Amino acid sequence: MTRVRRFLELAAPVDASVLIQGETGTGKTLLARHLHAASRRAEGPFVAVNCAAVPETLFESELFGHTRGAFTGAHADRTGLVAAATGGTLFLDEIGDLPPAQQAKLLSAVEDRHVRPVGGSAGFDVDFRLLSATCRALAGEGAGGRFRRDLYHRVAVLRVTLPPLRDRPDDIAPLARRFLDAAVRRHGLGERVLKPVARQRLEAHPWPGNVRQLAHVMEAAAILSPGTRVAPDLLDGLLQDDPPAPSPA
C-alpha cells in the first residue's frame, strides 16, 4: 500500500489516463475518488459509470446524450455522462465488461475528446480526465481479441494494481477497528471491541471479497454482538460460507 500511496501522489496532479486494477472489493472506486480529490479538477464533477450496468442498446445515449426525437421515448434533449464530466473526471468502472462495439465508440470519444449526441447533426468538444477500473487482465484480453489494444493503450497510460486484502495481513486489524467504529456511530450502538482471538481470526481469513467484505462483516458484528466484546464465534458464523483462499499463481 506504500507503493499505491506513492502512485497517488505522482498521478493525482496530472491529467494522464489511469487504469486501476484489482480484485473485486479492493477499493478501486475509492482510489479513483482520491485521485480526483487530489487533482486540479477537484472542484469539477466526478462522474462514475458502471460499464457492466449500461445496456448495449442505450450505451451511446447514456454516454453521449441524445436529441429530442432521436428514438422512441426521447421526449427531450439529454446530456450524456461524458459531457457531464467536462471540467472534472470520468470514471469508467468495470471497463473490461464493455462489448467490442461499445469499445469502438468509446475509443473515438477518448481519442478526440469530441462527442455527438444520438440524433444530433453536430458534435462538441469535451474536457475530462479519464479514470478506469477493472478486475480483469485487460492486457492479456487484448492479445485474445476481447479488449481492443488501441483502447487499452488510451485508458492505461498509467496503471496501478491494488493488492488483495489477504496479501496485506497487517492492515486487517486497523481496518476492522475503523469499520467497527463506523458501524457503531452509524447505528447508534454502544462501544464494540475486538477480542485478541477475534483479531487473529480476521487476520487468518482469506477475504475473497477483500476490503468491502471486511466492512460488511464488521458492520454485522457490531449489530449482532450481544455485548461490548465481539467474540470469535460470532465472526466464525459470519464467515463460514466463504471459499478457501485461491492458490498462488
# chains A, B, ... in the order shown; residues from 1 in each chain; ligands from 1
call {"tool": "residues_around", "arguments": {"residues": "A:Ala173", "least_positions_apart": "6", "cutoff": "9 Å", "atoms": "only C-alpha atoms", "output": "list in words"}}
result
Arg199, Gln200, Leu202 and Glu203 of chain A
call {"tool": "write_last_selection", "arguments": {"atoms": "C-alpha atoms", "output": "PDB file, in the first residue's frame"}}
result
ATOM      1  CA  ARG A 199      -8.416 -10.288  15.625  1.00  0.00           C
ATOM      2  CA  GLN A 200      -6.441 -13.447  14.938  1.00  0.00           C
ATOM      3  CA  LEU A 202      -9.758 -11.908  10.982  1.00  0.00           C
ATOM      4  CA  GLU A 203      -6.063 -11.923  10.106  1.00  0.00           C
TER       5      GLU A 203
END
call {"tool": "residues_around", "arguments": {"residues": "stretch 18-34 of chain A", "least_positions_apart": "5", "cutoff": "9 Å", "atoms": "only C-alpha atoms", "output": "short mmCIF file (atom, residue, chain, number, x, y, z; two decimals) with N, CA and C atoms, in the first residue's frame"}}
result
data_model
loop_
_atom_site.label_atom_id
_atom_site.label_comp_id
_atom_site.auth_asym_id
_atom_site.auth_seq_id
_atom_site.Cartn_x
_atom_site.Cartn_y
_atom_site.Cartn_z
N LEU A 8 -0.44 7.47 -5.98
CA LEU A 8 -1.46 8.51 -5.84
C LEU A 8 -0.82 9.89 -5.83
N ALA A 11 0.40 10.55 -9.53
CA ALA A 11 -0.60 10.53 -10.60
C ALA A 11 -1.69 11.58 -10.42
N ALA A 12 -2.00 11.95 -9.19
CA ALA A 12 -3.12 12.86 -8.95
C ALA A 12 -2.97 14.22 -9.64
N SER A 39 -6.62 16.15 -7.44
CA SER A 39 -6.23 16.66 -8.75
C SER A 39 -6.59 18.13 -8.90
N PHE A 46 -17.27 14.60 -10.54
CA PHE A 46 -16.75 13.23 -10.60
C PHE A 46 -17.92 12.37 -11.06
N ALA A 48 -19.22 8.84 -12.30
CA ALA A 48 -18.90 7.42 -12.30
C ALA A 48 -19.91 6.65 -13.14
N PHE A 91 -15.12 8.45 -14.58
CA PHE A 91 -14.63 7.18 -14.03
C PHE A 91 -15.44 6.04 -14.62
N ASP A 93 -16.02 2.37 -14.40
CA ASP A 93 -15.82 1.17 -13.60
C ASP A 93 -16.17 -0.06 -14.43
N ARG A 129 -10.86 14.19 -17.43
CA ARG A 129 -9.80 13.24 -17.17
C ARG A 129 -10.43 11.86 -17.06
N LEU A 130 -9.80 10.87 -17.65
CA LEU A 130 -10.35 9.53 -17.69
C LEU A 130 -9.66 8.62 -16.67
N LEU A 131 -10.46 8.05 -15.79
CA LEU A 131 -10.01 7.00 -14.87
C LEU A 131 -10.85 5.76 -15.17
N SER A 132 -10.23 4.61 -15.16
CA SER A 132 -10.95 3.36 -15.42
C SER A 132 -10.54 2.33 -14.38
N ALA A 133 -11.40 1.33 -14.20
CA ALA A 133 -11.11 0.26 -13.25
C ALA A 133 -11.57 -1.07 -13.83
N THR A 134 -10.86 -2.12 -13.46
CA THR A 134 -11.23 -3.46 -13.92
C THR A 134 -10.67 -4.49 -12.96
N CYS A 135 -11.37 -5.63 -12.88
CA CYS A 135 -10.84 -6.78 -12.14
C CYS A 135 -10.30 -7.83 -13.10
N ARG A 136 -10.23 -7.47 -14.39
CA ARG A 136 -9.75 -8.39 -15.42
C ARG A 136 -8.38 -7.97 -15.93
N ALA A 137 -7.66 -8.93 -16.51
CA ALA A 137 -6.33 -8.66 -17.07
C ALA A 137 -6.50 -8.16 -18.51
N TYR A 152 -7.05 0.01 -24.93
CA TYR A 152 -6.25 -0.30 -23.74
C TYR A 152 -5.12 0.71 -23.57
N VAL A 155 -6.51 4.07 -22.26
CA VAL A 155 -7.01 4.14 -20.88
C VAL A 155 -5.93 3.80 -19.85
N ALA A 156 -4.84 3.17 -20.29
CA ALA A 156 -3.83 2.68 -19.36
C ALA A 156 -2.49 3.39 -19.53
N VAL A 157 -2.52 4.70 -19.71
CA VAL A 157 -1.26 5.45 -19.74
C VAL A 157 -0.52 5.24 -18.43
N LEU A 158 -1.25 5.32 -17.33
CA LEU A 158 -0.72 4.98 -16.01
C LEU A 158 -1.53 3.81 -15.47
N ARG A 159 -0.85 2.87 -14.80
CA ARG A 159 -1.54 1.70 -14.26
C ARG A 159 -1.13 1.47 -12.82
N VAL A 160 -2.09 1.02 -12.02
CA VAL A 160 -1.80 0.66 -10.65
C VAL A 160 -2.66 -0.54 -10.28
N THR A 161 -2.10 -1.46 -9.52
CA THR A 161 -2.83 -2.64 -9.08
C THR A 161 -2.98 -2.61 -7.57
N LEU A 162 -4.22 -2.73 -7.11
CA LEU A 162 -4.47 -2.76 -5.67
C LEU A 162 -4.34 -4.21 -5.19
N PRO A 163 -3.53 -4.46 -4.18
CA PRO A 163 -3.33 -5.84 -3.72
C PRO A 163 -4.56 -6.35 -2.96
N PRO A 164 -4.83 -7.65 -3.02
CA PRO A 164 -5.94 -8.21 -2.25
C PRO A 164 -5.65 -8.13 -0.75
N LEU A 165 -6.70 -8.14 0.04
CA LEU A 165 -6.55 -7.97 1.48
C LEU A 165 -5.74 -9.11 2.10
N PRO A 208 -12.13 -13.30 0.40
CA PRO A 208 -12.35 -13.28 -1.05
C PRO A 208 -13.04 -12.00 -1.53
N GLY A 209 -13.81 -11.34 -0.65
CA GLY A 209 -14.46 -10.08 -1.02
C GLY A 209 -13.65 -8.86 -0.65
N ASN A 210 -12.45 -9.07 -0.11
CA ASN A 210 -11.50 -8.02 0.19
C ASN A 210 -12.03 -6.97 1.18
N VAL A 211 -11.64 -5.71 1.01
CA VAL A 211 -11.96 -4.67 1.98
C VAL A 211 -13.47 -4.47 2.10
N ARG A 212 -14.19 -4.56 0.98
CA ARG A 212 -15.64 -4.39 1.03
C ARG A 212 -16.28 -5.44 1.92
N GLN A 213 -15.81 -6.69 1.80
CA GLN A 213 -16.36 -7.75 2.63
C GLN A 213 -16.04 -7.52 4.10
#
call {"tool": "closest_residue", "arguments": {"among": "A:Leu151, A:Cys51, A:Leu194, A:Ala16", "to": "A:Ser108", "atoms": "only C-alpha atoms"}}
result
A:Leu151
call {"tool": "residues_around", "arguments": {"residues": "A:Thr67", "least_positions_apart": "4", "cutoff": "6 Å", "atoms": "only C-alpha atoms", "output": "ChimeraX atom specification"}}
result
/A:77,119-120
call {"tool": "atom_distance", "arguments": {"atom1": "atom CA of A:Glu43", "atom2": "atom CA of A:Val82"}}
result
16.8 Å
call {"tool": "atom_distance", "arguments": {"atom1": "atom CA of A:Ala53", "atom2": "atom CA of A:Ala84"}}
result
18.2 Å
call {"tool": "select_by_dssp", "arguments": {"residues": "stretch 89-195 of chain A", "states": "strand (DSSP E)", "output": "CSV table (one decimal) with C-alpha atoms, in the first residue's frame"}}
result
chain,number,residue,atom,x,y,z
A,89,THR,CA,-13.2,13.3,-14.0
A,90,LEU,CA,-15.0,10.5,-15.9
A,91,PHE,CA,-14.6,7.2,-14.0
A,92,LEU,CA,-15.4,4.1,-16.0
A,93,ASP,CA,-15.8,1.2,-13.6
A,114,HIS,CA,-15.4,15.1,-29.0
A,115,VAL,CA,-18.9,13.6,-28.9
A,124,PHE,CA,-18.9,19.3,-29.5
A,125,ASP,CA,-15.7,19.1,-27.6
A,129,ARG,CA,-9.8,13.2,-17.2
A,130,LEU,CA,-10.3,9.5,-17.7
A,131,LEU,CA,-10.0,7.0,-14.9
A,132,SER,CA,-10.9,3.4,-15.4
A,133,ALA,CA,-11.1,0.3,-13.3
A,134,THR,CA,-11.2,-3.5,-13.9
A,158,LEU,CA,-0.7,5.0,-16.0
A,159,ARG,CA,-1.5,1.7,-14.3
A,160,VAL,CA,-1.8,0.7,-10.6
A,161,THR,CA,-2.8,-2.6,-9.1
A,193,VAL,CA,-14.1,-4.0,20.8
A,194,LEU,CA,-12.4,-7.0,19.2
